[in-house]
$ cat query.tsv   # TSV, C-alpha atoms
chain	number	residue	atom	x	y	z
A	1	MET	CA	-5.69	-57.77	26.33
A	2	SER	CA	-3.89	-59.05	23.22
A	3	LYS	CA	-4.38	-62.69	22.17
A	4	LYS	CA	-2.20	-65.06	24.18
A	5	ARG	CA	-1.47	-68.68	23.43
A	6	THR	CA	-2.22	-71.23	26.17
A	7	LEU	CA	-1.19	-74.88	26.57
A	8	ILE	CA	-3.20	-77.04	28.98
A	9	VAL	CA	-1.44	-80.16	30.23
A	10	SER	CA	-3.97	-82.64	31.54
A	11	ASP	CA	-4.39	-86.35	30.98
A	12	ASP	CA	-8.14	-86.11	30.97
A	13	GLY	CA	-8.85	-83.44	28.43
A	14	ASN	CA	-12.52	-84.38	28.21
A	15	GLN	CA	-13.13	-83.66	31.87
A	16	ASN	CA	-15.97	-81.19	32.21
A	17	TYR	CA	-13.77	-78.86	34.22
A	18	TRP	CA	-11.09	-78.56	31.56
A	19	LEU	CA	-13.63	-78.38	28.74
A	20	LYS	CA	-15.20	-75.32	30.37
A	21	ILE	CA	-11.81	-73.72	30.99
A	22	THR	CA	-10.70	-74.39	27.43
A	23	GLU	CA	-13.86	-72.71	26.11
A	24	GLU	CA	-13.44	-69.70	28.39
A	25	ILE	CA	-9.76	-69.26	27.54
A	26	LYS	CA	-10.61	-69.44	23.82
A	27	ASN	CA	-13.24	-66.73	24.27
A	28	GLN	CA	-11.36	-64.43	26.63
A	29	ILE	CA	-7.63	-64.97	26.19
A	30	GLY	CA	-6.73	-66.64	22.90
A	31	PRO	CA	-5.96	-69.98	21.23
A	32	VAL	CA	-5.67	-73.07	23.46
A	33	ARG	CA	-4.16	-76.49	22.98
A	34	ASN	CA	-4.78	-79.49	25.25
A	35	VAL	CA	-2.13	-82.17	25.59
A	36	SER	CA	-1.35	-85.07	27.91
A	37	ASP	CA	1.92	-85.11	29.88
A	38	LYS	CA	3.23	-87.74	27.43
A	39	ASP	CA	2.95	-85.33	24.50
A	40	VAL	CA	3.88	-82.12	26.26
A	41	SER	CA	7.62	-82.31	25.56
A	42	GLN	CA	7.09	-82.49	21.81
A	43	GLN	CA	4.43	-79.78	21.88
A	44	SER	CA	6.41	-77.36	24.04
A	45	SER	CA	9.55	-77.70	21.92
A	46	GLU	CA	7.62	-76.97	18.71
A	47	GLN	CA	5.46	-74.00	19.69
A	48	LYS	CA	5.94	-71.11	22.10
A	49	TYR	CA	3.14	-70.51	24.62
A	50	ASP	CA	2.42	-67.49	26.83
A	51	PHE	CA	0.67	-69.58	29.47
A	52	ILE	CA	1.10	-73.23	30.38
A	53	VAL	CA	-1.50	-74.67	32.77
A	54	ILE	CA	-0.67	-78.05	34.34
A	55	ASP	CA	-3.21	-80.19	36.20
A	56	VAL	CA	-1.07	-81.76	38.92
A	57	SER	CA	-3.50	-84.60	39.63
A	58	ASP	CA	-3.01	-86.14	36.20
A	59	ILE	CA	0.75	-85.93	35.94
A	60	GLU	CA	2.91	-88.96	36.64
A	61	ASP	CA	6.23	-87.19	37.15
A	62	LEU	CA	5.68	-83.52	37.81
A	63	TYR	CA	9.22	-83.04	39.12
A	64	ARG	CA	10.65	-84.07	35.76
A	65	LEU	CA	8.01	-82.28	33.70
A	66	ILE	CA	8.30	-78.75	35.12
A	67	PRO	CA	12.08	-78.36	34.53
A	68	GLU	CA	11.64	-79.82	31.04
A	69	ILE	CA	8.91	-77.33	30.18
A	70	ARG	CA	10.95	-74.51	31.72
A	71	ARG	CA	13.90	-75.40	29.49
A	72	ASP	CA	11.76	-75.32	26.35
A	73	GLN	CA	9.64	-72.34	27.36
A	74	PRO	CA	11.76	-70.07	29.57
A	75	GLU	CA	9.48	-67.08	29.04
A	76	SER	CA	6.12	-68.78	29.62
A	77	TYR	CA	4.00	-68.26	32.71
A	78	VAL	CA	3.58	-71.77	34.15
A	79	VAL	CA	0.56	-72.30	36.42
A	80	ILE	CA	0.08	-75.49	38.41
A	81	VAL	CA	-3.50	-76.46	39.30
A	82	SER	CA	-3.88	-78.65	42.37
A	83	SER	CA	-7.01	-79.94	44.14
A	84	THR	CA	-5.30	-80.12	47.52
A	85	PRO	CA	-2.39	-77.71	47.54
A	86	THR	CA	-0.04	-77.82	50.51
A	87	TRP	CA	2.60	-75.23	51.34
A	88	LYS	CA	5.40	-77.73	50.69
A	89	GLN	CA	3.99	-78.73	47.30
A	90	THR	CA	3.59	-75.05	46.35
A	91	ARG	CA	7.20	-74.31	47.34
A	92	GLU	CA	8.45	-77.37	45.52
A	93	VAL	CA	6.76	-76.61	42.21
A	94	ILE	CA	7.80	-72.95	42.31
A	95	ARG	CA	11.39	-73.95	43.13
A	96	LEU	CA	11.28	-76.31	40.15
A	97	GLY	CA	10.33	-73.45	37.86
A	98	ALA	CA	6.54	-72.98	38.02
A	99	SER	CA	5.36	-69.39	38.23
A	100	SER	CA	2.32	-69.92	40.40
A	101	LEU	CA	-0.15	-72.43	41.82
A	102	ILE	CA	-3.93	-72.27	42.09
A	103	ARG	CA	-6.49	-74.47	43.80
A	104	LYS	CA	-8.61	-76.62	41.51
A	105	SER	CA	-12.09	-75.71	42.63
A	106	THR	CA	-15.51	-76.12	41.13
A	107	ASN	CA	-15.28	-72.46	40.26
A	108	PHE	CA	-13.22	-72.75	37.08
A	109	GLU	CA	-13.15	-68.97	36.78
A	110	ASP	CA	-10.23	-68.89	39.25
A	111	VAL	CA	-7.95	-70.13	36.48
A	112	ILE	CA	-9.26	-67.56	33.99
A	113	GLU	CA	-8.90	-64.77	36.56
A	114	GLU	CA	-5.32	-65.77	37.31
A	115	LEU	CA	-4.38	-65.65	33.61
A	116	GLN	CA	-6.30	-62.43	32.98
A	117	SER	CA	-4.66	-60.71	35.93
A	118	LEU	CA	-1.29	-60.97	34.19
B	1	MET	CA	31.30	-64.51	53.13
B	2	SER	CA	32.01	-63.65	56.79
B	3	SER	CA	31.37	-59.96	56.20
B	4	ARG	CA	27.84	-60.47	54.86
B	5	ILE	CA	25.20	-58.56	56.80
B	6	ILE	CA	21.84	-60.21	57.47
B	7	LEU	CA	18.76	-58.52	58.86
B	8	MET	CA	16.54	-60.89	60.79
B	9	ALA	CA	13.10	-59.65	61.81
B	10	ASP	CA	10.77	-61.53	64.15
B	11	ASN	CA	8.51	-60.40	67.02
B	12	ASN	CA	9.48	-63.42	69.14
B	13	ARG	CA	12.57	-62.33	71.08
B	14	ASP	CA	13.67	-65.83	72.18
B	15	PHE	CA	13.36	-67.25	68.67
B	16	LEU	CA	15.21	-64.25	67.25
B	17	ASP	CA	18.12	-64.63	69.71
B	18	ASN	CA	18.34	-68.35	69.05
B	19	ARG	CA	18.44	-68.05	65.27
B	20	CYS	CA	20.74	-65.03	65.45
B	21	GLU	CA	23.25	-67.22	67.31
B	22	PHE	CA	23.17	-69.82	64.52
B	23	LEU	CA	23.70	-67.16	61.85
B	24	GLU	CA	26.62	-65.62	63.75
B	25	GLN	CA	28.18	-69.07	64.20
B	26	ALA	CA	27.92	-69.48	60.42
B	27	GLY	CA	30.00	-66.31	60.04
B	28	PHE	CA	27.38	-63.67	59.31
B	29	THR	CA	26.93	-60.27	60.90
B	30	VAL	CA	23.33	-60.06	62.10
B	31	ILE	CA	21.06	-57.10	62.75
B	32	THR	CA	17.80	-57.97	64.51
B	33	THR	CA	14.48	-56.14	64.64
B	34	LYS	CA	11.24	-57.01	66.40
B	35	ASN	CA	8.59	-54.98	64.57
B	36	PRO	CA	7.71	-53.79	61.05
B	37	THR	CA	8.58	-50.13	61.72
B	38	ASP	CA	12.17	-50.82	62.85
B	39	THR	CA	12.58	-53.38	60.07
B	40	GLU	CA	11.47	-50.87	57.42
B	41	ARG	CA	13.83	-48.25	58.86
B	42	ILE	CA	16.81	-50.61	58.70
B	43	LEU	CA	15.93	-51.79	55.19
B	44	GLU	CA	15.76	-48.18	54.02
B	45	ARG	CA	18.94	-46.95	55.67
B	46	GLU	CA	21.39	-49.83	56.15
B	47	ALA	CA	23.41	-51.76	53.57
B	48	VAL	CA	21.99	-55.21	54.22
B	49	ASP	CA	22.94	-58.18	52.00
B	50	LEU	CA	19.90	-60.30	52.82
B	51	ALA	CA	16.81	-60.08	55.02
B	52	ILE	CA	14.98	-62.91	56.79
B	53	LEU	CA	11.45	-61.75	57.57
B	54	ASP	CA	8.75	-63.29	59.73
B	55	ILE	CA	5.25	-62.98	58.20
B	56	ARG	CA	3.28	-62.17	61.38
B	57	MET	CA	5.51	-59.50	62.81
B	58	THR	CA	2.80	-57.65	64.71
B	59	ASP	CA	0.53	-60.33	66.16
B	60	ASP	CA	1.27	-64.08	66.06
B	61	ASP	CA	-2.41	-64.91	66.63
B	62	ASP	CA	-3.70	-62.78	63.77
B	63	PRO	CA	-3.92	-64.68	60.47
B	64	GLU	CA	-4.56	-61.33	58.76
B	65	ASP	CA	-1.15	-60.05	59.86
B	66	ILE	CA	1.08	-60.26	56.79
B	67	SER	CA	3.36	-57.37	57.75
B	68	GLY	CA	6.48	-59.35	56.73
B	69	LEU	CA	5.08	-59.99	53.25
B	70	VAL	CA	4.13	-56.32	52.91
B	71	LEU	CA	7.75	-55.34	53.64
B	72	ALA	CA	9.01	-58.05	51.27
B	73	ARG	CA	6.83	-56.59	48.49
B	74	LYS	CA	8.31	-53.16	49.14
B	75	PHE	CA	11.97	-54.18	49.33
B	76	GLY	CA	12.07	-57.47	47.41
B	77	GLN	CA	13.60	-55.94	44.28
B	78	LYS	CA	16.23	-54.09	46.32
B	79	LEU	CA	17.72	-57.07	48.17
B	80	PRO	CA	17.10	-60.83	48.50
B	81	ILE	CA	14.47	-61.66	51.10
B	82	ILE	CA	13.74	-65.02	52.72
B	83	ILE	CA	10.36	-65.47	54.36
B	84	LEU	CA	10.52	-67.47	57.60
B	85	THR	CA	7.22	-68.29	59.27
B	86	GLY	CA	5.70	-70.47	61.94
B	87	PHE	CA	2.41	-70.53	60.04
B	88	PRO	CA	3.13	-71.71	56.50
B	89	THR	CA	0.19	-71.82	54.07
B	90	TRP	CA	0.19	-72.47	50.34
B	91	GLU	CA	-1.33	-69.04	49.73
B	92	ASN	CA	1.56	-67.36	51.57
B	93	VAL	CA	4.12	-69.41	49.64
B	94	LYS	CA	2.45	-68.32	46.39
B	95	THR	CA	2.45	-64.66	47.46
B	96	ALA	CA	6.06	-64.82	48.63
B	97	ILE	CA	7.87	-66.74	45.90
B	98	GLY	CA	5.33	-66.99	43.05
B	99	ARG	CA	6.55	-65.15	39.97
B	100	ASP	CA	5.04	-62.36	37.90
B	101	LEU	CA	5.09	-62.21	34.09
B	102	ASN	CA	8.69	-60.96	34.15
B	103	GLY	CA	9.76	-63.91	36.29
B	104	LEU	CA	10.25	-61.72	39.36
B	105	SER	CA	9.12	-62.71	42.84
B	106	THR	CA	8.59	-60.87	46.13
B	107	ALA	CA	10.97	-63.12	48.07
B	108	VAL	CA	13.68	-65.55	46.98
B	109	ASP	CA	12.76	-68.35	49.37
B	110	PHE	CA	10.16	-69.49	51.88
B	111	ILE	CA	10.97	-71.57	54.96
B	112	SER	CA	8.95	-72.82	57.88
B	113	LYS	CA	10.34	-72.24	61.38
B	114	GLN	CA	9.71	-75.93	62.04
B	115	GLU	CA	12.32	-76.87	59.42
B	116	GLY	CA	15.04	-75.82	61.84
B	117	PRO	CA	18.13	-73.60	61.79
B	118	LYS	CA	20.13	-75.84	59.45
B	119	MET	CA	17.62	-75.36	56.64
B	120	MET	CA	17.63	-71.61	57.30
B	121	ILE	CA	21.44	-71.39	57.04
B	122	GLU	CA	21.34	-73.47	53.87
B	123	ALA	CA	18.75	-71.15	52.32
B	124	VAL	CA	20.90	-68.13	53.24
B	125	ASN	CA	24.03	-69.67	51.68
B	126	LEU	CA	22.06	-70.71	48.62
B	127	THR	CA	20.75	-67.18	48.18
B	128	LEU	CA	24.00	-65.31	48.73
B	129	GLU	CA	26.34	-67.38	46.57
B	130	HIS	CA	25.36	-68.09	42.95
B	131	PRO	CA	21.63	-68.43	43.69
B	132	ILE	CA	20.55	-69.09	40.08
B	133	LEU	CA	23.22	-71.71	39.49
B	134	LYS	CA	22.55	-73.53	42.75
B	135	ARG	CA	18.82	-73.54	42.27
B	136	ASN	CA	19.24	-74.99	38.77
B	137	VAL	CA	21.59	-77.69	40.06
B	138	LEU	CA	19.13	-78.76	42.78
B	139	CYS	CA	16.25	-78.59	40.33
B	140	GLU	CA	17.97	-80.59	37.56
B	141	PHE	CA	19.23	-83.26	39.93
B	142	GLN	CA	15.87	-83.26	41.74
B	143	ALA	CA	17.50	-82.75	45.13
B	144	ASP	CA	15.86	-80.92	48.03
B	145	SER	CA	19.05	-79.82	49.72
B	146	THR	CA	22.82	-79.84	49.22
B	147	GLN	CA	23.15	-82.97	51.37
B	148	ASP	CA	20.52	-84.64	49.23
B	149	LEU	CA	22.44	-83.52	46.11
B	150	HIS	CA	25.65	-85.31	47.13
B	151	GLU	CA	23.67	-88.53	47.71
B	152	THR	CA	21.87	-88.13	44.37
B	153	LEU	CA	25.17	-87.61	42.55
B	154	GLN	CA	26.63	-90.79	44.01
B	155	LYS	CA	23.60	-92.83	42.91
B	156	LYS	CA	23.47	-91.59	39.31
B	157	LYS	CA	25.45	-93.01	36.40
B	158	ILE	CA	28.15	-90.80	34.91
B	159	ASP	CA	26.36	-90.32	31.56
B	160	GLU	CA	23.18	-89.22	33.28
B	161	SER	CA	25.02	-86.88	35.67
B	162	ALA	CA	27.09	-85.41	32.82
B	163	ASP	CA	23.96	-84.80	30.75
B	164	LYS	CA	22.20	-83.14	33.67
B	165	PHE	CA	25.27	-81.08	34.50
B	166	GLN	CA	25.46	-79.77	30.94
B	167	LYS	CA	21.76	-78.86	31.07
B	168	VAL	CA	22.38	-76.98	34.35
B	169	LEU	CA	25.12	-74.92	32.71
B	170	GLU	CA	22.96	-74.13	29.67
B	171	ARG	CA	19.94	-73.23	31.75
B	172	THR	CA	21.96	-71.08	34.16
B	173	GLU	CA	23.58	-69.24	31.28
B	174	ARG	CA	20.15	-68.54	29.78
B	175	ASP	CA	18.68	-67.47	33.15
B	176	LEU	CA	21.63	-65.21	33.93
B	177	LEU	CA	21.48	-63.57	30.51
B	178	GLN	CA	17.74	-62.97	30.90
B	179	ASN	CA	18.22	-61.70	34.45
B	180	ARG	CA	21.02	-59.37	33.37
B	181	LYS	CA	18.90	-58.07	30.50
B	182	GLU	CA	16.01	-57.26	32.88
B	183	ILE	CA	18.30	-55.48	35.37
B	184	SER	CA	19.95	-53.53	32.53
B	185	GLN	CA	16.53	-52.37	31.34
B	186	GLN	CA	15.63	-51.26	34.87
B	187	SER	CA	18.97	-49.43	35.07
B	188	GLU	CA	18.31	-47.67	31.76
B	189	ARG	CA	14.84	-46.63	32.91
B	190	ALA	CA	16.27	-45.23	36.16
B	191	GLN	CA	18.96	-43.34	34.22
B	192	LYS	CA	16.39	-41.85	31.85
B	193	VAL	CA	14.21	-40.64	34.73
B	194	ALA	CA	17.32	-39.22	36.48
B	195	ILE	CA	18.35	-37.28	33.34
B	196	LEU	CA	14.81	-36.04	32.78
B	197	MET	CA	14.47	-34.87	36.38
B	198	GLY	CA	17.92	-33.27	36.18
B	199	LEU	CA	16.92	-31.32	33.07
B	200	VAL	CA	13.63	-30.24	34.64
B	201	GLY	CA	15.61	-29.15	37.72
B	202	ILE	CA	17.96	-27.04	35.57
B	203	GLY	CA	14.94	-25.55	33.79
B	204	VAL	CA	13.39	-24.57	37.10
B	205	ILE	CA	16.71	-23.01	38.25
B	206	VAL	CA	16.84	-20.92	35.04
B	207	ILE	CA	13.26	-19.79	35.64
B	208	GLY	CA	14.24	-18.91	39.22
B	209	LEU	CA	17.17	-16.79	38.01
B	210	LEU	CA	14.89	-15.07	35.51
B	211	LEU	CA	12.42	-14.30	38.31
B	212	VAL	CA	15.25	-12.84	40.44
B	213	TYR	CA	16.23	-10.70	37.47
B	214	LEU	CA	12.61	-9.53	37.15
B	215	GLY	CA	12.49	-8.77	40.86
B	216	ARG	CA	9.88	-11.45	41.72
B	217	THR	CA	11.75	-12.65	44.83
B	218	PRO	CA	8.97	-14.81	46.48
B	219	LEU	CA	8.39	-16.70	43.23
B	220	ALA	CA	12.15	-17.07	42.76
B	221	ILE	CA	12.46	-18.62	46.25
B	222	LEU	CA	9.60	-20.98	45.42
B	223	SER	CA	11.30	-21.90	42.18
B	224	GLY	CA	14.61	-22.49	44.01
B	225	SER	CA	12.91	-24.81	46.52
B	226	ALA	CA	11.23	-26.74	43.72
B	227	SER	CA	14.53	-27.18	41.91
B	228	VAL	CA	16.13	-28.57	45.09
B	229	VAL	CA	13.33	-31.15	45.43
B	230	ILE	CA	13.49	-32.10	41.71
B	231	ASP	CA	17.29	-32.45	41.81
B	232	ALA	CA	17.06	-34.58	44.97
B	233	ILE	CA	14.67	-36.92	43.12
B	234	SER	CA	17.14	-36.99	40.22
B	235	VAL	CA	19.96	-37.99	42.63
B	236	LEU	CA	17.74	-40.75	44.06
B	237	PHE	CA	17.23	-42.21	40.59
B	238	ILE	CA	20.96	-41.92	39.84
B	239	THR	CA	21.67	-43.92	43.03
B	240	ARG	CA	19.14	-46.52	41.94
B	241	ALA	CA	20.75	-46.73	38.48
B	242	VAL	CA	24.18	-47.22	40.10
B	243	GLN	CA	22.77	-50.03	42.28
B	244	PHE	CA	21.35	-51.73	39.16
B	245	SER	CA	24.69	-51.34	37.36
B	246	LYS	CA	26.45	-53.10	40.24
B	247	GLN	CA	23.94	-55.95	39.97
B	248	VAL	CA	24.62	-56.17	36.22
B	249	ASP	CA	28.38	-56.44	36.95
B	250	LYS	CA	27.68	-59.21	39.48
B	251	LYS	CA	25.63	-61.15	36.91
B	252	TYR	CA	28.44	-60.69	34.39
B	253	LYS	CA	30.96	-62.22	36.82
B	254	GLU	CA	28.62	-65.14	37.48
B	255	LEU	CA	28.25	-65.64	33.73
B	256	GLN	CA	32.02	-65.71	33.30
B	257	LYS	CA	32.19	-68.57	35.82
B	258	ILE	CA	29.55	-70.49	33.88
B	259	TYR	CA	31.40	-69.90	30.59
B	260	ARG	CA	34.64	-71.14	32.17
B	261	ALA	CA	32.90	-74.26	33.53
B	262	SER	CA	31.33	-74.92	30.10
B	263	HIS	CA	34.71	-74.47	28.43
B	264	VAL	CA	36.48	-76.94	30.74
B	265	TYR	CA	33.58	-79.36	30.32
B	266	SER	CA	33.84	-79.18	26.52
B	267	ILE	CA	37.58	-79.94	26.84
B	268	CYS	CA	36.66	-83.18	28.69
B	269	ASP	CA	34.60	-84.19	25.65
B	270	THR	CA	37.70	-84.10	23.46
B	271	ILE	CA	39.40	-86.91	25.42
B	272	GLU	CA	39.37	-89.97	23.14
B	273	SER	CA	39.32	-92.81	25.67
B	274	LYS	CA	35.78	-93.17	27.09
B	275	SER	CA	36.97	-94.30	30.52
B	276	LYS	CA	39.39	-91.37	30.81
B	277	ARG	CA	36.72	-89.00	29.48
B	278	ASP	CA	34.23	-90.25	32.09
B	279	ASP	CA	36.86	-89.98	34.84
B	280	ALA	CA	37.60	-86.40	33.83
B	281	LYS	CA	33.90	-85.52	33.81
B	282	VAL	CA	33.31	-87.10	37.23
B	283	LEU	CA	36.30	-85.21	38.62
B	284	LEU	CA	35.13	-81.93	37.11
B	285	ILE	CA	31.55	-82.30	38.34
B	286	GLU	CA	32.72	-83.27	41.84
B	287	LYS	CA	35.20	-80.38	41.96
B	288	LEU	CA	32.69	-77.79	40.77
B	289	MET	CA	29.87	-79.05	42.96
B	290	GLY	CA	32.26	-79.02	45.91
B	291	LYS	CA	33.31	-75.47	45.09
B	292	TRP	CA	29.79	-74.19	44.55
B	293	PHE	CA	28.05	-75.91	47.45
B	294	ASP	CA	30.58	-76.47	50.26
$ encode --input "query.tsv" --output "structure tokens"
Amino acid sequence: MSKKRTLIVSDDGNQNYWLKITEEIKNQIGPVRNVSDKDVSQQSSEQKYDFIVIDVSDIEDLYRLIPEIRRDQPESYVVIVSSTPTWKQTREVIRLGASSLIRKSTNFEDVIEELQSL
Amino acid sequence: MSSRIILMADNNRDFLDNRCEFLEQAGFTVITTKNPTDTERILEREAVDLAILDIRMTDDDDPEDISGLVLARKFGQKLPIIILTGFPTWENVKTAIGRDLNGLSTAVDFISKQEGPKMMIEAVNLTLEHPILKRNVLCEFQADSTQDLHETLQKKKIDESADKFQKVLERTERDLLQNRKEISQQSERAQKVAILMGLVGIGVIVIGLLLVYLGRTPLAILSGSASVVIDAISVLFITRAVQFSKQVDKKYKELQKIYRASHVYSICDTIESKSKRDDAKVLLIEKLMGKWFD
């Protein structure tokens, strides 16, 4: 797998969960950058990313953020991570432009697997 | 729109009849099927514009039954498919409308049976007429449905609506161009395979003639049969390439509409008086939204 660039959008970048994922993505997929939802617009308009991972629990206005990211990064694969996904939430985020949704579980490898499967 | 043919597949006869009535009242011609085998047969043989597939088409009590999704995976790139289920789960939504790396999905929409016939008709209309444009409009204006969109438009200030409308046009243009590029590439691939198979077929025919000349009749017959099969495959790929070309033409026509809308919108911006400029923009947005959604 060639090196792919990943952007993680989470307001709590120091969370153990995201620290582990960041490390794993660095080792297995390629360079990673962590940003909060406040800084994501600037970051996504400056640099192109192959994968954008968004932690839904930390985002204030997801319904504004996804279309904005989609506009800046039309070719990225946008994954939403949710602790308690519902079918309506999944449909909503995909309709807004996300590519996929995964459950935020203690097993952080789910996120890595999803990205590696692409 | 009245001539559009919809295939609706569901193992519940009463539900199927009920929804079929709504679709016919909305002006569609409806074909119904009650099991995966008949559904697959129709999808392979009939010219259907859109299919509405139940997920559990074999056994309603079996959570492992995803026969509708299996069919959607098989035919999803051939025609638009809407998944309609009585048992919605987030995993099924992800499987049905989640996208791959190329931005392609198995189905175009996912609806729960509990959302009622009105939502189903709306999803069908949304899918058949300018689906990319309509989706972008609803997404940009953060509206769940067309009814919701009209209310949202009335609440927003003109500057905000105009800005969002312009973004919709830009995004739709970009999406349509990308979409057209992908379909063109698929068409080219199908054409290449068709030409290759055609050449192989001709080669096999020449070998067959040579074998006849050499008096090896059984081998010549074998060669003739092989060439028939290879040429049939070639014809299949030609048909596929023609289907892709038609889709490319459709995208081109949609793009022309977007370009025209962008052009008229840019003319509004040249009006000097702000109040008249705003009035013109409001009128244009209302007219176009009315035309696209009603």
$ interface_residues --input "query.tsv" --of "chain A" --to "chain B" --cutoff "6 Å" --atoms "only C-alpha atoms" --output "ChimeraX atom specification"
/A:86-87,90,96,99-100
$ residues_near_point --input "query.tsv" --point "(-2.8, -78.8, 26.6)" --cutoff "7 Å" --atoms "all atoms listed in the file" --output "PDB file with C-alpha atoms, keeping the file's coordinate frame"
ATOM      1  CA  LEU A   7      -1.190 -74.880  26.570  1.00  0.00           C
ATOM      2  CA  ILE A   8      -3.200 -77.040  28.980  1.00  0.00           C
ATOM      3  CA  VAL A   9      -1.440 -80.160  30.230  1.00  0.00           C
ATOM      4  CA  SER A  10      -3.970 -82.640  31.540  1.00  0.00           C
ATOM      5  CA  ARG A  33      -4.160 -76.490  22.980  1.00  0.00           C
ATOM      6  CA  ASN A  34      -4.780 -79.490  25.250  1.00  0.00           C
ATOM      7  CA  VAL A  35      -2.130 -82.170  25.590  1.00  0.00           C
ATOM      8  CA  SER A  36      -1.350 -85.070  27.910  1.00  0.00           C
TER       9      SER A  36
END
$ closest_residue --input "query.tsv" --among "B:Lys113, B:Arg216, B:Lys118, B:Lys157" --to "Asp278 in chain B" --atoms "only C-alpha atoms"
B:Lys157
$ atom_distance --input "query.tsv" --atom1 "CA of Tyr252 in chain B" --atom2 "CA of Thr127 in chain B"
17.1 Å
$ residues_around --input "query.tsv" --residues "Ile202 in chain B" --least-positions-apart "4" --cutoff "12 Å" --atoms "all atoms listed in the file" --output "PyMOL selection string"
chain B and resi 195-198+206-209+223-224+226-231+234
$ write_last_selection --input "query.tsv" --atoms "C-alpha atoms" --output "tab-separated table (two decimals), in the coordinates of the input"
chain	number	residue	atom	x	y	z
B	195	ILE	CA	18.35	-37.28	33.34
B	196	LEU	CA	14.81	-36.04	32.78
B	197	MET	CA	14.47	-34.87	36.38
B	198	GLY	CA	17.92	-33.27	36.18
B	206	VAL	CA	16.84	-20.92	35.04
B	207	ILE	CA	13.26	-19.79	35.64
B	208	GLY	CA	14.24	-18.91	39.22
B	209	LEU	CA	17.17	-16.79	38.01
B	223	SER	CA	11.30	-21.90	42.18
B	224	GLY	CA	14.61	-22.49	44.01
B	226	ALA	CA	11.23	-26.74	43.72
B	227	SER	CA	14.53	-27.18	41.91
B	228	VAL	CA	16.13	-28.57	45.09
B	229	VAL	CA	13.33	-31.15	45.43
B	230	ILE	CA	13.49	-32.10	41.71
B	231	ASP	CA	17.29	-32.45	41.81
B	234	SER	CA	17.14	-36.99	40.22
$ residues_around --input "query.tsv" --residues "Arg103 in chain A" --least-positions-apart "3" --cutoff "8 Å" --atoms "all atoms listed in the file" --output "VMD selection string"
chain A and resid 81 to 85
$ build_atoms --input "query.tsv" --residues "range 69-82 of chain A" --atoms "N, CA and C atoms" --output "PDB file, in the frame of the given file"
ATOM      1  N   ILE A  69       9.703 -78.401  30.800  1.00  0.00           N
ATOM      2  CA  ILE A  69       8.910 -77.330  30.180  1.00  0.00           C
ATOM      3  C   ILE A  69       9.642 -76.001  30.307  1.00  0.00           C
ATOM      4  N   ARG A  70      10.212 -75.762  31.482  1.00  0.00           N
ATOM      5  CA  ARG A  70      10.950 -74.510  31.720  1.00  0.00           C
ATOM      6  C   ARG A  70      12.119 -74.345  30.726  1.00  0.00           C
ATOM      7  N   ARG A  71      12.765 -75.462  30.430  1.00  0.00           N
ATOM      8  CA  ARG A  71      13.900 -75.400  29.490  1.00  0.00           C
ATOM      9  C   ARG A  71      13.422 -75.002  28.091  1.00  0.00           C
ATOM     10  N   ASP A  72      12.270 -75.603  27.686  1.00  0.00           N
ATOM     11  CA  ASP A  72      11.760 -75.320  26.350  1.00  0.00           C
ATOM     12  C   ASP A  72      11.076 -73.961  26.275  1.00  0.00           C
ATOM     13  N   GLN A  73      10.450 -73.566  27.371  1.00  0.00           N
ATOM     14  CA  GLN A  73       9.640 -72.340  27.360  1.00  0.00           C
ATOM     15  C   GLN A  73      10.075 -71.419  28.510  1.00  0.00           C
ATOM     16  N   PRO A  74      11.285 -70.863  28.436  1.00  0.00           N
ATOM     17  CA  PRO A  74      11.760 -70.070  29.570  1.00  0.00           C
ATOM     18  C   PRO A  74      10.950 -68.803  29.848  1.00  0.00           C
ATOM     19  N   GLU A  75      10.217 -68.332  28.833  1.00  0.00           N
ATOM     20  CA  GLU A  75       9.480 -67.080  29.040  1.00  0.00           C
ATOM     21  C   GLU A  75       7.995 -67.282  29.324  1.00  0.00           C
ATOM     22  N   SER A  76       7.549 -68.533  29.368  1.00  0.00           N
ATOM     23  CA  SER A  76       6.120 -68.780  29.620  1.00  0.00           C
ATOM     24  C   SER A  76       5.782 -68.587  31.096  1.00  0.00           C
ATOM     25  N   TYR A  77       4.493 -68.322  31.337  1.00  0.00           N
ATOM     26  CA  TYR A  77       4.000 -68.260  32.710  1.00  0.00           C
ATOM     27  C   TYR A  77       3.385 -69.629  33.010  1.00  0.00           C
ATOM     28  N   VAL A  78       4.011 -70.392  33.897  1.00  0.00           N
ATOM     29  CA  VAL A  78       3.580 -71.770  34.150  1.00  0.00           C
ATOM     30  C   VAL A  78       2.726 -71.837  35.428  1.00  0.00           C
ATOM     31  N   VAL A  79       1.460 -72.213  35.267  1.00  0.00           N
ATOM     32  CA  VAL A  79       0.560 -72.300  36.420  1.00  0.00           C
ATOM     33  C   VAL A  79       0.244 -73.754  36.729  1.00  0.00           C
ATOM     34  N   ILE A  80       0.411 -74.136  37.981  1.00  0.00           N
ATOM     35  CA  ILE A  80       0.080 -75.490  38.410  1.00  0.00           C
ATOM     36  C   ILE A  80      -1.306 -75.446  39.059  1.00  0.00           C
ATOM     37  N   VAL A  81      -2.167 -76.396  38.691  1.00  0.00           N
ATOM     38  CA  VAL A  81      -3.500 -76.460  39.300  1.00  0.00           C
ATOM     39  C   VAL A  81      -3.561 -77.710  40.160  1.00  0.00           C
ATOM     40  N   SER A  82      -3.866 -77.519  41.438  1.00  0.00           N
ATOM     41  CA  SER A  82      -3.880 -78.650  42.370  1.00  0.00           C
ATOM     42  C   SER A  82      -5.172 -78.657  43.179  1.00  0.00           C
TER      43      SER A  82
END
